[in-house]
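Data block below; observations after.
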Amino acid sequence: MLKKIASKETKISIIGLGYVGLPLAIEFGKKYSVVGFDISEWVVGQLNKNIDPANEVASEEFEGVDVEYTTDLERVKEASFHVVAVPTPINENNLPDLTPLLSACKTVGKVIKKGDYVVFESTVYPGCTEEDCVPVIEDVSGLKFMEDFKVGYSPERINPGDKINTLTTITKITSGCDAESAEDIAQIYESILKNGVHRASSIKVAEAAKIIENTQRDVNIALMNELSIIFNKLDINTFEVLEAAGTKWNFLKFFPGLVGGHCIGVDPYYLVHKAKQLGYHPHIINSGRFVNDSMGGYVAKQTVKKIVAADENIRHSKVLVMGITFKEDVSDIRNTKVADLIKELESYKVDVDVIDPYASKEEVKKEYGIILKDEPQKDYNAIIVAVNHKEYKILDEKYFKSLSKNKGILIDIKGIFRKKINEMTYWSL
C-alpha cells in the first residue's frame, strides 16, 4: 500500500476537512497525492481559495501540496487509502451522536474497492469502528471486511490553537484489523511524522486510549472545580492554594475552569455510554461530568450574588462577558460552556453583552442565539473575563473600571488578574 501511494499509483482520501482532516490532508499532500472530500460546498470553496474556515491553517501552508478539495464523490474513487475525520458529537441527552460518522461510512461504502484501507480518526467508544462502522461499509459496498477491505484506527490529537504540539510533532497511535494492516497503516503515518507512532495491539485498544486521554483530564479538572467551590466557602483563593500545593514535586497541575470544546466536554460521555451497555455505571466519570457541566451556572450565580451584595437591582443590572470561544486564542465555539453562563445570567433578567475578538458573529448567533457586540459599552455592574484571550491578558484595573458602574465587580474565571485588582470587587474560581 505504501509503495502504491508513494509512487502516486493511487491516492489518499480524507473524508471531512475540518480541524482534523485539513491538517492531515496538507501533510499527506506534501508527499503524496490526496483527495480531500467534504459535503459542504462552502468549506470546499474556501479551501480552494487557500482559506481555512477554522483559522488553524495559514494560507501559505496550502501552497505546493498535492491536494484536491472536492464535493465530488467520483474523485474519491481514485484513492485506496481512506481516512475518516468527521465530528463525533453528543446529543441533547449527552448520548453519542454517530450520525456524521455513519454518514461518512456510507460515503466510503460508495467508493471503496477491493484491497482498499479505511482508517478512522474520529473519537469513538471502544468497539465502535468494528461493531458500528464496518457493517455500514459492508452493507453499502457489498464487500466483505478482512477479505475485500481492511480497517484501522488512528485517533486524532489535534489541539486547536496549539502551534507546538502539531500533527507532525506528536506521537500518533495507530492500529489495524490484522498484523499486515496494522504495519501498513503505521508506516504510512510514520512517513509524515517526526516522532513516529505507537503501534496499539488492536483497534479497541487504540479507541480506548483516545477516549481516556480526555476523560482523565476531565476528571482532574472536575476535582479542581469542586475544590474551588469548597475554597470559595472557606473564603480562600483556589489559585493561591494550587500555587502552594504545586511546590510539591509530584503534584499534578490542573486548574479550575469552564470545560467545553469538542473533546474534553464530549469524549467521557462516549465511554459512559459504552460502560452502561456493558452493565456498569461509571461513578467517577459521571460525577466529573456533572461538576464540569454545572460550572457555567455556578459562575453566573456567584456573579449575581456579588451584584446583589453591592445593593444593585439584579433585574436592571448589566454584565459584560469577555470571550465566548471554548478556549483562548481560537475561533472554535463548539460546546463552549460560556453559553451556559450567559443563559443562567439571562434567567435572572440580567442584561448581558458579549464580546470576543476571535469568534464569528454569524456562527455564535446561529449556534447559541447570542449577538456579539463589536465593542463594550459603559456602566456595567460586573465584568466577567470568561476566556483568557491574549488581548485580555494585557488589560489592567483602570480599563475595567472605565467600563464599570460605581466601584465595579470583576469576575476572573481563570485567575489571571489575581493580585492585580485593588479597588474593584474581585472574584475568581
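As shown in the C-alpha cells, the chain order sets the letters A, B, ...; within each chain, residues go from 1, and ligands are also counted from 1 in the order they appear.
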
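Running DSSP on the backbone and keeping only strand (DSSP E or B), the residues of stretch 132-344 of chain A that qualify are A:Phe145, A:Phe149, A:Lys150, A:Val151, A:Gly152, A:Tyr153, A:Lys172, A:Ile173, A:Thr174, A:Gly176, A:Val197, A:His198, A:Arg199, A:Lys318, A:Val319, A:Leu320, A:Val321, A:Met322.
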
Those residues with N, CA and C atoms, as a PDB file, in the first residue's frame please?
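Below is the file part.pdb, written as the result:
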```
ATOM      1  N   PHE A 145     -15.541  -7.406   4.918  1.00  0.00           N
ATOM      2  CA  PHE A 145     -14.460  -6.963   5.804  1.00  0.00           C
ATOM      3  C   PHE A 145     -13.409  -8.064   5.936  1.00  0.00           C
ATOM      4  N   PHE A 149     -11.597  -5.608   2.109  1.00  0.00           N
ATOM      5  CA  PHE A 149     -11.030  -4.328   2.570  1.00  0.00           C
ATOM      6  C   PHE A 149     -10.634  -4.458   4.030  1.00  0.00           C
ATOM      7  N   LYS A 150      -9.734  -3.585   4.432  1.00  0.00           N
ATOM      8  CA  LYS A 150      -9.243  -3.623   5.817  1.00  0.00           C
ATOM      9  C   LYS A 150      -9.434  -2.266   6.487  1.00  0.00           C
ATOM     10  N   VAL A 151      -9.444  -2.309   7.787  1.00  0.00           N
ATOM     11  CA  VAL A 151      -9.788  -1.131   8.573  1.00  0.00           C
ATOM     12  C   VAL A 151      -8.752  -0.906   9.675  1.00  0.00           C
ATOM     13  N   GLY A 152      -8.525   0.359  10.001  1.00  0.00           N
ATOM     14  CA  GLY A 152      -7.646   0.711  11.112  1.00  0.00           C
ATOM     15  C   GLY A 152      -8.199   1.894  11.874  1.00  0.00           C
ATOM     16  N   TYR A 153      -7.542   2.212  12.963  1.00  0.00           N
ATOM     17  CA  TYR A 153      -7.957   3.359  13.785  1.00  0.00           C
ATOM     18  C   TYR A 153      -6.711   4.100  14.267  1.00  0.00           C
ATOM     19  N   LYS A 172       1.790   9.612  17.321  1.00  0.00           N
ATOM     20  CA  LYS A 172       0.437   9.214  16.968  1.00  0.00           C
ATOM     21  C   LYS A 172       0.211   7.737  17.262  1.00  0.00           C
ATOM     22  N   ILE A 173      -0.991   7.397  17.691  1.00  0.00           N
ATOM     23  CA  ILE A 173      -1.368   5.999  17.896  1.00  0.00           C
ATOM     24  C   ILE A 173      -1.929   5.457  16.580  1.00  0.00           C
ATOM     25  N   THR A 174      -1.493   4.258  16.204  1.00  0.00           N
ATOM     26  CA  THR A 174      -2.057   3.608  15.020  1.00  0.00           C
ATOM     27  C   THR A 174      -2.455   2.172  15.364  1.00  0.00           C
ATOM     28  N   GLY A 176      -4.535  -1.585  13.396  1.00  0.00           N
ATOM     29  CA  GLY A 176      -5.170  -2.197  12.238  1.00  0.00           C
ATOM     30  C   GLY A 176      -5.945  -3.429  12.631  1.00  0.00           C
ATOM     31  N   VAL A 197       5.102   6.672  15.536  1.00  0.00           N
ATOM     32  CA  VAL A 197       3.803   6.241  16.030  1.00  0.00           C
ATOM     33  C   VAL A 197       3.961   5.218  17.148  1.00  0.00           C
ATOM     34  N   HIS A 198       2.894   5.076  17.910  1.00  0.00           N
ATOM     35  CA  HIS A 198       2.794   3.975  18.869  1.00  0.00           C
ATOM     36  C   HIS A 198       1.849   2.959  18.270  1.00  0.00           C
ATOM     37  N   ARG A 199       2.330   1.747  18.053  1.00  0.00           N
ATOM     38  CA  ARG A 199       1.515   0.700  17.464  1.00  0.00           C
ATOM     39  C   ARG A 199       0.677   0.027  18.542  1.00  0.00           C
ATOM     40  N   LYS A 318     -26.393  45.234  34.386  1.00  0.00           N
ATOM     41  CA  LYS A 318     -25.725  44.948  33.115  1.00  0.00           C
ATOM     42  C   LYS A 318     -24.423  44.203  33.395  1.00  0.00           C
ATOM     43  N   VAL A 319     -24.165  43.162  32.617  1.00  0.00           N
ATOM     44  CA  VAL A 319     -22.938  42.383  32.767  1.00  0.00           C
ATOM     45  C   VAL A 319     -22.251  42.250  31.410  1.00  0.00           C
ATOM     46  N   LEU A 320     -20.958  42.446  31.413  1.00  0.00           N
ATOM     47  CA  LEU A 320     -20.153  42.245  30.204  1.00  0.00           C
ATOM     48  C   LEU A 320     -19.426  40.912  30.313  1.00  0.00           C
ATOM     49  N   VAL A 321     -19.611  40.037  29.314  1.00  0.00           N
ATOM     50  CA  VAL A 321     -18.888  38.771  29.249  1.00  0.00           C
ATOM     51  C   VAL A 321     -17.827  38.890  28.157  1.00  0.00           C
ATOM     52  N   MET A 322     -16.574  38.711  28.557  1.00  0.00           N
ATOM     53  CA  MET A 322     -15.461  38.850  27.621  1.00  0.00           C
ATOM     54  C   MET A 322     -14.957  37.468  27.210  1.00  0.00           C
TER      55      MET A 322
END
```

Spatial neighbours of stretch 283-291 of chain A, 9 Å, only C-alpha atoms, chain gap at least 3 places, as a ChimeraX atom specification = /A:215-216,218-223,225-226,265,268-269,271-272,294-295

Got a sec to tell me which of stretch 105-344 of chain A DSSP assigns to alpha helix (DSSP H), as a ChimeraX atom specification?
-> /A:105-111,128,134-141,179-190,203-233,238-245,267-277,283-293,295-309,338-344

Skip A:Val86 itself and residues of its chain fewer than 6 positions away, then list as a list in words all residues within 10 Å of it, counting only C-alpha atoms.
->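 The contact residues come out as Ile14, Ile15, Gly16, Leu17, Gly18, Tyr19, Val20, Gly21, Asp38, Leu98, Thr99, Pro100, Leu101, Leu102, Ser103, Ala104, Phe120, Glu121, Ser122 and Thr123 of chain A.
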
Residues from the last selection, C-alpha atoms, saved as a PDB file, in the first residue's frame:
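The result, written out as result-v7.pdb:
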```pdb
ATOM      1  CA  ILE A  14      -9.534  12.427   3.576  1.00  0.00           C
ATOM      2  CA  ILE A  15     -13.269  12.383   4.392  1.00  0.00           C
ATOM      3  CA  GLY A  16     -14.087  15.539   6.360  1.00  0.00           C
ATOM      4  CA  LEU A  17     -11.971  18.698   6.066  1.00  0.00           C
ATOM      5  CA  GLY A  18     -12.372  20.364   9.443  1.00  0.00           C
ATOM      6  CA  TYR A  19      -9.964  20.822  12.352  1.00  0.00           C
ATOM      7  CA  VAL A  20      -8.647  17.273  11.958  1.00  0.00           C
ATOM      8  CA  GLY A  21      -8.991  16.444   8.286  1.00  0.00           C
ATOM      9  CA  ASP A  38     -16.283  17.373   2.306  1.00  0.00           C
ATOM     10  CA  LEU A  98     -22.890   8.877  15.413  1.00  0.00           C
ATOM     11  CA  THR A  99     -24.875  10.472  12.571  1.00  0.00           C
ATOM     12  CA  PRO A 100     -21.881  12.235  10.915  1.00  0.00           C
ATOM     13  CA  LEU A 101     -19.670   9.156  11.366  1.00  0.00           C
ATOM     14  CA  LEU A 102     -22.148   6.645   9.963  1.00  0.00           C
ATOM     15  CA  SER A 103     -22.940   9.023   7.107  1.00  0.00           C
ATOM     16  CA  ALA A 104     -19.206   9.100   6.310  1.00  0.00           C
ATOM     17  CA  PHE A 120     -10.873   6.229  11.299  1.00  0.00           C
ATOM     18  CA  GLU A 121      -9.623   9.250  13.254  1.00  0.00           C
ATOM     19  CA  SER A 122     -12.930  10.303  14.841  1.00  0.00           C
ATOM     20  CA  THR A 123     -13.137   9.811  18.605  1.00  0.00           C
TER      21      THR A 123
END
```

Considering only C-alpha atoms, give me a table of residues in stretch 316-358 of chain A that are at most 8 Å from stretch 389-410 of chain A, with the closest atom pair and distance in Å for each, as CSV.
```
residue,atom,partner,partner_atom,distance
A:Gly323,CA,A:His389,CA,7.4
A:Glu328,CA,A:His389,CA,4.6
A:Asp329,CA,A:His389,CA,5.0
```

With distances taken over only C-alpha atoms, which of A:Thr71, A:Val134, A:Ser175, A:Asn292 is nearest to A:Asn48?
->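 Ranking A:Thr71, A:Val134, A:Ser175, A:Asn292 by distance to A:Asn48, first place goes to A:Thr71.
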
Within 10 Å of A:Glu61, counting only C-alpha atoms, which residues show up once you throw out same-chain ones fewer than 3 positions away? Write them as a list in words, please.
->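 What passes the distance filter is Pro23, Ile26, Glu27, Lys30, Asn50, Ile51, Val57, Ala58, Gly64 and Val65 of chain A.
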
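By chain and then residue number, the residues within 9 Å of A:Glu207 are Thr123, Val124, Tyr125, Pro126, Gly127, Cys128, Thr129, Tyr153, Ser154, Pro155, Ser202, Ile203, Ile211 and Ile212 of chain A, counting only C-alpha atoms and disregarding those fewer than 4 positions away in sequence.
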
C-alpha atoms of the current selection, written as a CSV table (one decimal), in the first residue's frame:
```
chain,number,residue,atom,x,y,z
A,123,THR,CA,-13.1,9.8,18.6
A,124,VAL,CA,-15.4,6.9,19.5
A,125,TYR,CA,-16.0,4.4,22.3
A,126,PRO,CA,-14.1,1.1,22.2
A,127,GLY,CA,-15.6,-1.3,19.6
A,128,CYS,CA,-17.4,1.4,17.5
A,129,THR,CA,-15.1,1.0,14.5
A,153,TYR,CA,-8.0,3.4,13.8
A,154,SER,CA,-5.6,6.3,14.5
A,155,PRO,CA,-7.1,8.7,16.9
A,202,SER,CA,-5.7,-3.7,18.5
A,203,ILE,CA,-8.3,-1.2,17.2
A,211,ILE,CA,-11.1,8.2,25.0
A,212,ILE,CA,-9.3,8.1,28.3
```

Excluding A:Ile355 and any residue of its chain fewer than 4 positions from it, enumerate the residues within 12 Å of it, using only C-alpha atoms, and give them as a list in words.
-> Val319, Leu320, Val321, Met322, Gly323, Ile324, Thr325, Val338, Ile342, Ala359, Ser360, Lys361, Val364, Ile370, Ile371, Leu372, Lys373, Asp374, Glu375, Pro376, Gln377, Ile383, Ile384, Val385, Ala386, Val387, His389, Glu391 and Tyr392 of chain A

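Take the candidates A:Glu190, A:Val118, A:Ala182, A:Pro53 and check each one against A:Glu130 using only C-alpha atoms; the shortest distance goes to A:Val118.
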
For A:Asn237, the nearest of the candidates A:Ala309, A:Pro256, A:His82, A:Val43, counting only C-alpha atoms |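 Checking each candidate against A:Asn237, we get A:Pro256 as the closest.
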
Proximity to A:Tyr32 - best of A:Glu9, A:Asp351, A:Asp66, A:Glu240, only C-alpha atoms | A:Asp66

Can you tell me which residues surround A:Lys327 at a distance of at most 10 Å, considering only C-alpha atoms, apart from same-chain residues fewer than 4 positions away, and format the answer as a PDB file with N, CA and C atoms, in the first residue's frame?
```
ATOM      1  N   PRO A 160      -6.712  22.618  19.036  1.00  0.00           N
ATOM      2  CA  PRO A 160      -6.904  23.920  18.394  1.00  0.00           C
ATOM      3  C   PRO A 160      -6.091  25.026  19.055  1.00  0.00           C
ATOM      4  N   GLY A 161      -5.398  25.809  18.228  1.00  0.00           N
ATOM      5  CA  GLY A 161      -4.607  26.926  18.724  1.00  0.00           C
ATOM      6  C   GLY A 161      -3.202  26.570  19.161  1.00  0.00           C
ATOM      7  N   LEU A 258     -13.998  26.487  32.963  1.00  0.00           N
ATOM      8  CA  LEU A 258     -15.135  26.007  32.176  1.00  0.00           C
ATOM      9  C   LEU A 258     -14.618  24.974  31.178  1.00  0.00           C
ATOM     10  N   VAL A 259     -15.210  23.795  31.179  1.00  0.00           N
ATOM     11  CA  VAL A 259     -14.728  22.692  30.338  1.00  0.00           C
ATOM     12  C   VAL A 259     -15.688  22.483  29.172  1.00  0.00           C
ATOM     13  N   GLY A 260     -15.299  23.013  28.014  1.00  0.00           N
ATOM     14  CA  GLY A 260     -16.122  22.858  26.821  1.00  0.00           C
ATOM     15  C   GLY A 260     -15.314  22.262  25.693  1.00  0.00           C
ATOM     16  N   GLY A 261     -15.681  22.623  24.477  1.00  0.00           N
ATOM     17  CA  GLY A 261     -14.948  22.139  23.318  1.00  0.00           C
ATOM     18  C   GLY A 261     -15.446  20.799  22.811  1.00  0.00           C
ATOM     19  N   GLY A 323     -15.297  37.096  25.976  1.00  0.00           N
ATOM     20  CA  GLY A 323     -14.876  35.801  25.444  1.00  0.00           C
ATOM     21  C   GLY A 323     -16.005  34.793  25.441  1.00  0.00           C
ATOM     22  N   SER A 331     -10.956  30.454  17.410  1.00  0.00           N
ATOM     23  CA  SER A 331     -12.295  30.873  16.997  1.00  0.00           C
ATOM     24  C   SER A 331     -13.346  29.802  17.266  1.00  0.00           C
ATOM     25  N   ASP A 332     -12.933  28.675  17.798  1.00  0.00           N
ATOM     26  CA  ASP A 332     -13.785  27.499  17.980  1.00  0.00           C
ATOM     27  C   ASP A 332     -14.806  27.722  19.103  1.00  0.00           C
ATOM     28  N   ILE A 333     -16.091  27.666  18.760  1.00  0.00           N
ATOM     29  CA  ILE A 333     -17.144  27.871  19.771  1.00  0.00           C
ATOM     30  C   ILE A 333     -17.880  26.573  20.095  1.00  0.00           C
ATOM     31  N   ARG A 334     -17.402  25.439  19.568  1.00  0.00           N
ATOM     32  CA  ARG A 334     -18.103  24.173  19.787  1.00  0.00           C
ATOM     33  C   ARG A 334     -18.204  23.847  21.283  1.00  0.00           C
ATOM     34  N   THR A 336     -19.059  25.414  23.874  1.00  0.00           N
ATOM     35  CA  THR A 336     -18.498  26.343  24.860  1.00  0.00           C
ATOM     36  C   THR A 336     -19.427  26.481  26.060  1.00  0.00           C
ATOM     37  N   LYS A 337     -18.856  26.393  27.239  1.00  0.00           N
ATOM     38  CA  LYS A 337     -19.648  26.498  28.466  1.00  0.00           C
ATOM     39  C   LYS A 337     -19.892  27.950  28.862  1.00  0.00           C
ATOM     40  N   VAL A 338     -19.298  28.890  28.130  1.00  0.00           N
ATOM     41  CA  VAL A 338     -19.612  30.298  28.362  1.00  0.00           C
ATOM     42  C   VAL A 338     -21.080  30.545  28.014  1.00  0.00           C
ATOM     43  N   ALA A 386     -14.194  35.616  30.757  1.00  0.00           N
ATOM     44  CA  ALA A 386     -14.536  34.197  30.664  1.00  0.00           C
ATOM     45  C   ALA A 386     -13.484  33.386  29.924  1.00  0.00           C
ATOM     46  N   VAL A 387     -12.769  34.033  29.001  1.00  0.00           N
ATOM     47  CA  VAL A 387     -11.760  33.345  28.187  1.00  0.00           C
ATOM     48  C   VAL A 387     -10.482  34.163  28.197  1.00  0.00           C
ATOM     49  N   ASN A 388      -9.361  33.499  28.397  1.00  0.00           N
ATOM     50  CA  ASN A 388      -8.091  34.211  28.536  1.00  0.00           C
ATOM     51  C   ASN A 388      -7.427  34.535  27.197  1.00  0.00           C
ATOM     52  N   HIS A 389      -8.132  35.228  26.322  1.00  0.00           N
ATOM     53  CA  HIS A 389      -7.520  35.643  25.069  1.00  0.00           C
ATOM     54  C   HIS A 389      -6.337  36.561  25.366  1.00  0.00           C
TER      55      HIS A 389
END
```
